[in-house]
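What's in my_file02.cif: mmCIF, C-alpha atoms
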data_coords
#
loop_
_atom_site.label_atom_id
_atom_site.label_comp_id
_atom_site.auth_asym_id
_atom_site.auth_seq_id
_atom_site.Cartn_x
_atom_site.Cartn_y
_atom_site.Cartn_z
CA MET A 25 -42.71 120.52 -95.01
CA MET A 26 -41.41 123.37 -92.83
CA ILE A 27 -37.66 123.83 -93.29
CA PRO A 28 -35.52 126.26 -91.23
CA THR A 29 -33.29 127.81 -93.92
CA GLU A 30 -31.60 130.56 -91.87
CA ARG A 31 -28.43 130.07 -89.82
CA PHE A 32 -27.19 131.44 -86.50
CA ASP A 33 -23.75 130.43 -85.21
CA TRP A 34 -23.72 129.96 -81.47
CA ASN A 35 -21.21 128.29 -79.16
CA GLY A 36 -19.54 126.42 -82.03
CA THR A 37 -22.83 125.13 -83.42
CA SER A 38 -24.75 126.25 -86.49
CA ILE A 39 -28.39 126.69 -85.43
CA ALA A 40 -31.00 126.25 -88.17
CA TRP A 41 -33.99 128.60 -87.82
CA GLY A 42 -36.79 130.22 -89.75
CA SER A 43 -39.81 132.49 -89.43
CA ILE A 44 -43.15 132.88 -91.17
CA GLY A 45 -46.11 135.22 -90.95
CA SER A 46 -46.54 138.68 -89.48
CA GLY A 47 -47.81 140.12 -86.23
CA PRO A 48 -46.77 139.73 -82.59
CA PRO A 49 -43.86 137.32 -82.02
CA LEU A 50 -44.53 133.66 -81.25
CA VAL A 51 -41.64 131.25 -80.59
CA LEU A 52 -41.99 127.47 -81.05
CA VAL A 53 -39.61 125.13 -79.20
CA HIS A 54 -39.58 121.43 -80.11
CA GLY A 55 -38.56 118.40 -78.05
CA THR A 56 -36.77 115.09 -78.52
CA PRO A 57 -36.23 113.19 -80.78
CA PHE A 58 -37.88 115.76 -83.01
CA SER A 59 -37.08 119.00 -84.86
CA SER A 60 -38.96 122.13 -85.90
CA HIS A 61 -40.78 119.89 -88.39
CA VAL A 62 -43.18 118.99 -85.57
CA TRP A 63 -44.83 122.38 -86.11
CA HIS A 64 -45.57 121.87 -89.81
CA ARG A 65 -49.32 121.55 -89.22
CA VAL A 66 -49.46 124.22 -86.51
CA ALA A 67 -47.18 127.08 -87.58
CA PRO A 68 -48.95 127.94 -90.89
CA GLU A 69 -52.23 128.48 -89.03
CA LEU A 70 -50.63 130.56 -86.28
CA SER A 71 -48.70 132.63 -88.84
CA ARG A 72 -52.01 134.21 -89.87
CA SER A 73 -51.96 136.24 -86.65
CA HIS A 74 -48.31 136.06 -85.48
CA THR A 75 -44.74 136.19 -86.68
CA VAL A 76 -43.79 132.61 -85.90
CA TYR A 77 -40.15 131.86 -85.07
CA PHE A 78 -38.86 128.28 -84.99
CA TYR A 79 -35.46 126.60 -84.76
CA ASP A 80 -33.80 123.21 -84.42
CA LEU A 81 -32.15 122.64 -81.06
CA PRO A 82 -28.36 122.08 -81.19
CA GLY A 83 -27.78 118.45 -82.15
CA TYR A 84 -31.24 118.09 -83.67
CA GLY A 85 -32.83 118.44 -87.11
CA SER A 86 -30.77 120.59 -89.47
CA SER A 87 -28.68 122.18 -86.72
CA GLY A 88 -25.06 121.20 -86.22
CA LYS A 89 -24.20 117.71 -84.98
CA PHE A 90 -20.68 116.60 -84.07
CA GLU A 91 -18.77 114.21 -81.83
CA GLY A 92 -18.31 115.42 -78.27
CA GLN A 93 -21.11 117.96 -78.62
CA ASP A 94 -23.07 119.00 -75.53
CA VAL A 95 -26.74 118.70 -76.51
CA SER A 96 -28.09 118.21 -72.99
CA LEU A 97 -30.88 120.17 -71.33
CA GLY A 98 -28.04 121.91 -69.51
CA ILE A 99 -27.25 124.02 -72.59
CA GLN A 100 -30.60 124.17 -74.38
CA ASN A 101 -31.88 126.99 -72.15
CA ASP A 102 -28.74 129.00 -72.94
CA THR A 103 -29.39 128.40 -76.64
CA LEU A 104 -32.96 129.67 -76.34
CA ALA A 105 -31.77 132.76 -74.46
CA ALA A 106 -29.25 133.41 -77.26
CA MET A 107 -31.91 132.94 -79.94
CA LEU A 108 -34.31 135.38 -78.25
CA ASP A 109 -31.49 137.91 -78.03
CA PHE A 110 -30.52 137.31 -81.67
CA TRP A 111 -34.14 137.76 -82.78
CA GLN A 112 -34.41 140.81 -80.48
CA LEU A 113 -37.61 139.50 -78.94
CA ASP A 114 -38.86 140.85 -75.63
CA ARG A 115 -41.63 138.83 -73.93
CA PRO A 116 -42.82 136.81 -76.94
CA ASP A 117 -45.58 134.27 -76.72
CA VAL A 118 -44.11 130.75 -76.55
CA ILE A 119 -45.29 127.21 -77.33
CA ALA A 120 -43.07 124.35 -76.17
CA HIS A 121 -43.29 120.57 -76.36
CA ASP A 122 -41.51 117.74 -74.52
CA PHE A 123 -37.83 118.73 -73.92
CA GLY A 124 -38.78 122.13 -75.28
CA GLY A 125 -40.93 122.52 -72.18
CA ALA A 126 -37.95 121.91 -69.91
CA THR A 127 -35.93 124.29 -72.10
CA VAL A 128 -38.33 127.23 -71.84
CA LEU A 129 -38.90 126.68 -68.12
CA ARG A 130 -35.16 126.62 -67.44
CA ALA A 131 -34.59 129.69 -69.64
CA HIS A 132 -37.32 131.53 -67.73
CA LEU A 133 -36.15 130.58 -64.24
CA LEU A 134 -32.37 130.40 -64.77
CA ASN A 135 -31.66 132.84 -67.63
CA GLY A 136 -34.29 135.47 -66.86
CA CYS A 137 -36.09 135.07 -70.20
CA ASP A 138 -39.58 136.54 -70.00
CA TYR A 139 -42.60 135.43 -72.01
CA ARG A 140 -45.95 137.12 -72.44
CA ARG A 141 -47.90 133.85 -72.40
CA LEU A 142 -46.70 130.22 -72.36
CA LEU A 143 -48.40 127.14 -73.81
CA LEU A 144 -46.86 123.81 -72.78
CA ILE A 145 -47.60 120.52 -74.56
CA ASP A 146 -46.74 117.26 -72.74
CA PRO A 147 -43.51 118.79 -71.38
CA VAL A 148 -40.64 117.00 -69.70
CA ALA A 149 -40.77 118.89 -66.42
CA ILE A 150 -41.13 116.73 -63.31
CA ARG A 151 -39.36 113.68 -61.92
CA PRO A 152 -39.18 110.86 -62.76
CA TRP A 153 -38.78 110.75 -66.53
CA GLY A 154 -36.94 108.60 -69.06
CA SER A 155 -38.35 105.47 -70.70
CA PRO A 156 -36.77 101.99 -70.34
CA PHE A 157 -35.35 102.48 -73.85
CA VAL A 158 -33.71 105.74 -72.77
CA GLN A 159 -32.23 104.14 -69.67
CA HIS A 160 -30.84 101.23 -71.72
CA VAL A 161 -29.27 103.50 -74.37
CA ARG A 162 -27.66 105.66 -71.69
CA LEU A 163 -25.75 102.59 -70.51
CA ASN A 164 -24.86 101.37 -74.01
CA GLU A 165 -24.49 104.46 -76.22
CA ALA A 166 -21.47 103.24 -78.21
CA ALA A 167 -23.06 99.89 -79.04
CA PHE A 168 -26.24 101.51 -80.34
CA ALA A 169 -24.37 104.14 -82.38
CA GLY A 170 -22.79 101.32 -84.38
CA VAL A 171 -25.94 99.41 -85.36
CA PRO A 172 -26.47 98.76 -89.10
CA ASP A 173 -28.55 101.32 -90.96
CA TYR A 174 -31.54 99.01 -91.46
CA ILE A 175 -31.75 98.34 -87.73
CA GLN A 176 -31.39 102.05 -86.99
CA LEU A 177 -34.29 102.77 -89.33
CA ALA A 178 -36.46 100.16 -87.62
CA ILE A 179 -35.60 101.54 -84.17
CA LEU A 180 -36.42 105.10 -85.22
CA LYS A 181 -39.75 104.19 -86.80
CA ALA A 182 -40.83 102.14 -83.79
CA TYR A 183 -39.67 104.79 -81.30
CA ILE A 184 -41.34 107.75 -83.01
CA SER A 185 -44.51 105.78 -83.79
CA GLY A 186 -44.87 105.18 -80.06
CA ALA A 187 -45.37 108.92 -79.56
CA VAL A 188 -48.50 109.03 -81.73
CA SER A 189 -51.90 107.48 -81.09
CA ARG A 190 -52.77 107.18 -84.79
CA THR A 191 -50.69 105.34 -87.39
CA LEU A 192 -48.20 107.48 -89.29
CA SER A 193 -47.49 106.56 -92.91
CA ASP A 194 -43.92 106.07 -94.11
CA ALA A 195 -44.15 109.45 -95.84
CA GLU A 196 -45.22 111.12 -92.58
CA LEU A 197 -42.45 109.37 -90.64
CA GLU A 198 -39.68 110.26 -93.09
CA PRO A 199 -39.06 113.88 -91.91
CA TYR A 200 -38.88 112.66 -88.33
CA VAL A 201 -36.50 109.81 -89.15
CA ALA A 202 -34.19 111.46 -91.71
CA PRO A 203 -32.14 113.70 -89.35
CA TRP A 204 -31.12 110.63 -87.30
CA THR A 205 -29.72 108.50 -90.13
CA GLY A 206 -26.33 108.33 -91.83
CA GLU A 207 -22.82 108.88 -90.50
CA THR A 208 -23.71 112.12 -88.72
CA GLY A 209 -27.32 111.53 -87.73
CA LYS A 210 -27.06 108.04 -86.25
CA PRO A 211 -24.49 108.83 -83.52
CA ALA A 212 -26.28 112.15 -82.87
CA PHE A 213 -29.48 110.27 -82.05
CA TYR A 214 -27.80 108.19 -79.36
CA ARG A 215 -25.70 111.14 -78.17
CA GLN A 216 -28.77 113.15 -77.20
CA ILE A 217 -30.31 110.17 -75.40
CA ALA A 218 -27.07 109.43 -73.53
CA GLN A 219 -27.04 113.03 -72.24
CA MET A 220 -30.59 112.94 -70.85
CA ASP A 221 -30.28 113.68 -67.15
CA GLN A 222 -33.06 114.31 -64.66
CA ARG A 223 -30.85 116.71 -62.68
CA PHE A 224 -31.61 119.43 -65.24
CA THR A 225 -35.31 119.38 -64.43
CA ASP A 226 -34.61 118.80 -60.73
CA ALA A 227 -32.78 122.15 -60.78
CA VAL A 228 -36.02 124.02 -61.49
CA GLN A 229 -38.89 121.71 -60.50
CA ASP A 230 -39.29 123.23 -57.04
CA ARG A 231 -39.35 126.75 -58.52
CA TYR A 232 -42.35 126.44 -60.85
CA GLY A 233 -44.40 128.57 -58.47
CA GLU A 234 -42.11 131.48 -59.42
CA ILE A 235 -43.23 131.55 -63.07
CA ARG A 236 -44.00 135.12 -64.08
CA CYS A 237 -46.46 134.64 -66.96
CA LYS A 238 -49.82 133.07 -67.66
CA VAL A 239 -49.46 129.35 -68.49
CA ALA A 240 -51.71 126.81 -70.19
CA LEU A 241 -50.96 123.08 -70.30
CA LEU A 242 -52.18 120.54 -72.87
CA TRP A 243 -51.69 116.81 -72.30
CA GLY A 244 -52.51 113.86 -74.54
CA GLU A 245 -54.75 111.41 -72.72
CA GLU A 246 -53.05 108.58 -74.61
CA ASP A 247 -49.48 109.76 -74.01
CA GLN A 248 -47.42 106.57 -73.66
CA TRP A 249 -44.17 108.45 -72.93
CA ILE A 250 -45.28 110.65 -70.03
CA PRO A 251 -48.56 109.62 -68.40
CA LEU A 252 -51.49 111.97 -67.98
CA GLU A 253 -51.08 111.80 -64.20
CA CYS A 254 -47.78 113.68 -64.57
CA GLY A 255 -49.64 116.42 -66.39
CA ARG A 256 -52.19 116.72 -63.62
CA GLU A 257 -49.40 116.92 -61.04
CA LEU A 258 -47.50 119.55 -63.02
CA ALA A 259 -50.65 121.66 -63.41
CA THR A 260 -50.88 121.97 -59.62
CA MET A 261 -47.30 123.27 -59.49
CA LEU A 262 -47.75 125.99 -62.12
CA PRO A 263 -49.42 129.21 -60.92
CA ASN A 264 -52.98 129.71 -62.27
CA CYS A 265 -52.43 127.04 -64.91
CA ALA A 266 -55.28 126.06 -67.24
CA PHE A 267 -54.96 122.29 -67.73
CA THR A 268 -56.61 120.54 -70.69
CA PRO A 269 -56.45 116.75 -71.24
CA VAL A 270 -56.72 116.01 -74.97
CA PRO A 271 -58.62 112.84 -76.01
CA ARG A 272 -57.25 110.62 -78.79
CA SER A 273 -53.83 112.23 -78.58
CA GLY A 274 -50.51 110.65 -77.70
CA HIS A 275 -47.28 112.42 -76.79
CA LEU A 276 -46.87 113.98 -80.24
CA MET A 277 -50.02 116.09 -80.19
CA GLN A 278 -48.81 118.05 -83.21
CA GLU A 279 -49.67 115.00 -85.32
CA ASP A 280 -52.64 113.66 -83.35
CA ALA A 281 -54.52 116.88 -82.62
CA PRO A 282 -52.89 119.96 -84.21
CA GLU A 283 -56.24 121.74 -84.28
CA VAL A 284 -56.39 121.56 -80.47
CA ILE A 285 -52.99 123.26 -80.22
CA VAL A 286 -54.01 126.02 -82.63
CA ALA A 287 -57.28 126.65 -80.81
CA ALA A 288 -55.59 126.69 -77.39
CA ALA A 289 -52.89 129.05 -78.65
CA LEU A 290 -55.39 131.49 -80.11
CA ARG A 291 -57.41 131.46 -76.88
CA LEU A 292 -54.33 132.05 -74.75
CA PHE A 293 -52.50 134.54 -76.93
CA THR A 294 -55.42 136.76 -77.99
CA ASN A 295 -56.89 137.34 -74.51
#

Taking this structure as input, can you express it in the form of structure tokens?
Amino acid sequence: MMIPTERFDWNGTSIAWGSIGSGPPLVLVHGTPFSSHVWHRVAPELSRSHTVYFYDLPGYGSSGKFEGQDVSLGIQNDTLAAMLDFWQLDRPDVIAHDFGGATVLRAHLLNGCDYRRLLLIDPVAIRPWGSPFVQHVRLNEAAFAGVPDYIQLAILKAYISGAVSRTLSDAELEPYVAPWTGETGKPAFYRQIAQMDQRFTDAVQDRYGEIRCKVALLWGEEDQWIPLECGRELATMLPNCAFTPVPRSGHLMQEDAPEVIVAAALRLFTN
């Protein structure tokens, strides 16, 4: 299990981060409702050739969670910009998944963060997005935040399992579920869903042609959260984008096909 043991205080939030390996810098940015744990089968392989940096987004994983916290996509790009500055990284290679994709695209286009190469995995990037569950929670955040623990656990397991095409064991699910349980984790889970807003991707969607680095895009053919057709559409909007549909993979490719991510990263980052 990959655990970010270092701390960086930013904007009133303690950001959990870590790094492994040696070589050129490679930054990993996770999505929702995940944490840097999603990279536990990918990062060790990539650390053979790179210094791999990872962190938990504010409000996620081991990073700070508190009432009234802004954890929206509107601040995640600022967080990434601050992390790159803190790490003193100039034009690192980057891999981003789901909300992490929106985060790195916004940081690139709005904050002026430059990357050498960018690998996107099933990113949240084009309208429309947001599942029926997300839309329902956004309207009823307070009611969901008060559900009993056993119902919360069932919701989390069902929700996260829907991102994977294979069946995850309880042991595999545990690191994904644990950050969203208890007095702090449960309201944090619904807080981040309640703050999902398409306007943050709308702000950059029409600017994807301005991207200043080489981009590759992986998409799970069995993604039940964001359909493959969205991936094909996004690929046409990204300049000179290499698009690869991945068979037998759902939205959480890190669990379904980690070897595909590693191979794609090595192809992209070593050429």

Which residues come within 9 Å of segment 155-165 of chain A, counting only C-alpha atoms, excluding same-chain residues fewer than 3 positions away, as a PyMOL selection string? chain A and resi 168-170+183+211+214-215+217-220+249-250

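Nearest residue to Asp173 of chain A, choosing from A:Pro68, A:Gly209, A:Pro269, A:Pro199 and counting all atoms listed in the file: A:Gly209.
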
So, with only C-alpha atoms as the atoms that count, which of A:Ala67, A:Ile235, A:Leu108, A:Cys137 lies closest to Glu283 of chain A? A:Ala67

Proximity check segment 130-197 of chain A to segment 227-230 of chain A, 7 Å, nearest pairs one decimal Å, all atoms listed in the file, as a tab-separated table:
residue	atom	partner	partner_atom	distance
A:Arg130	CA	A:Val228	CA	6.5
A:Ala149	CA	A:Gln229	CA	6.8
A:Ile150	CA	A:Gln229	CA	6.1

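In this structure, atom CA of Ser189 of chain A sits 19.0 Å away from atom CA of Leu241 of chain A.
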
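When all atoms listed in the file are used to measure the gap to Asp117 of chain A, the shortest distance among A:Ala202, A:Leu142, A:Val148, A:Val53 belongs to A:Leu142.
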
Which residues, written as an MDAnalysis selection string, have at least one atom at most 8 Å from Lys210 of chain A, with all atoms listed in the file counted and residues fewer than 5 positions away on the same chain left out? chainID A and resid 169 176 204:205

Starting from the PyMOL selection byres ((chain A and resi 110) around 12), expand the selection into actual residues of this file and give them as a ChimeraX atom specification. /A:31-34,39,41,77,103-109,111-114

Selection dump of the PyMOL selection byres ((chain A and resi 282) around 12), as a ChimeraX atom specification: /A:62-70,145,242,244,270,272-281,283-289

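Using all atoms listed in the file, the shortest contact distance between Ala120 of chain A and any of A:Ile27, A:Ile184, A:Val76, A:Leu144 is found at A:Leu144.
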
Between atom CA of Ala167 of chain A and atom CA of Tyr200 of chain A lies a distance of 22.4 Å

Answer key for the PyMOL selection byres ((chain A and resi 94) around 12), residues as an NGL selection string: :A and (35-37 or 81-84 or 88-93 or 95-100 or 102-103 or 212 or 215-220)

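Distance-wise, atom CA of Thr56 of chain A and atom CA of Glu196 of chain A end up 16.9 Å apart.
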
Hey, which of A:Asn135, A:Ala195, A:Arg115, A:Val201 ends up closest to Lys181 of chain A? Count all atoms listed in the file. A:Val201

Using all atoms listed in the file, the shortest atom-to-atom distance to Leu129 of chain A among A:Thr225, A:Ser193, A:Ser71, A:Ser46 belongs to A:Thr225

Residues near Arg141 of chain A, anyone? I mean within 8 Å using only C-alpha atoms, not counting same-chain ones fewer than 6 positions away, as a count of residues only. 8
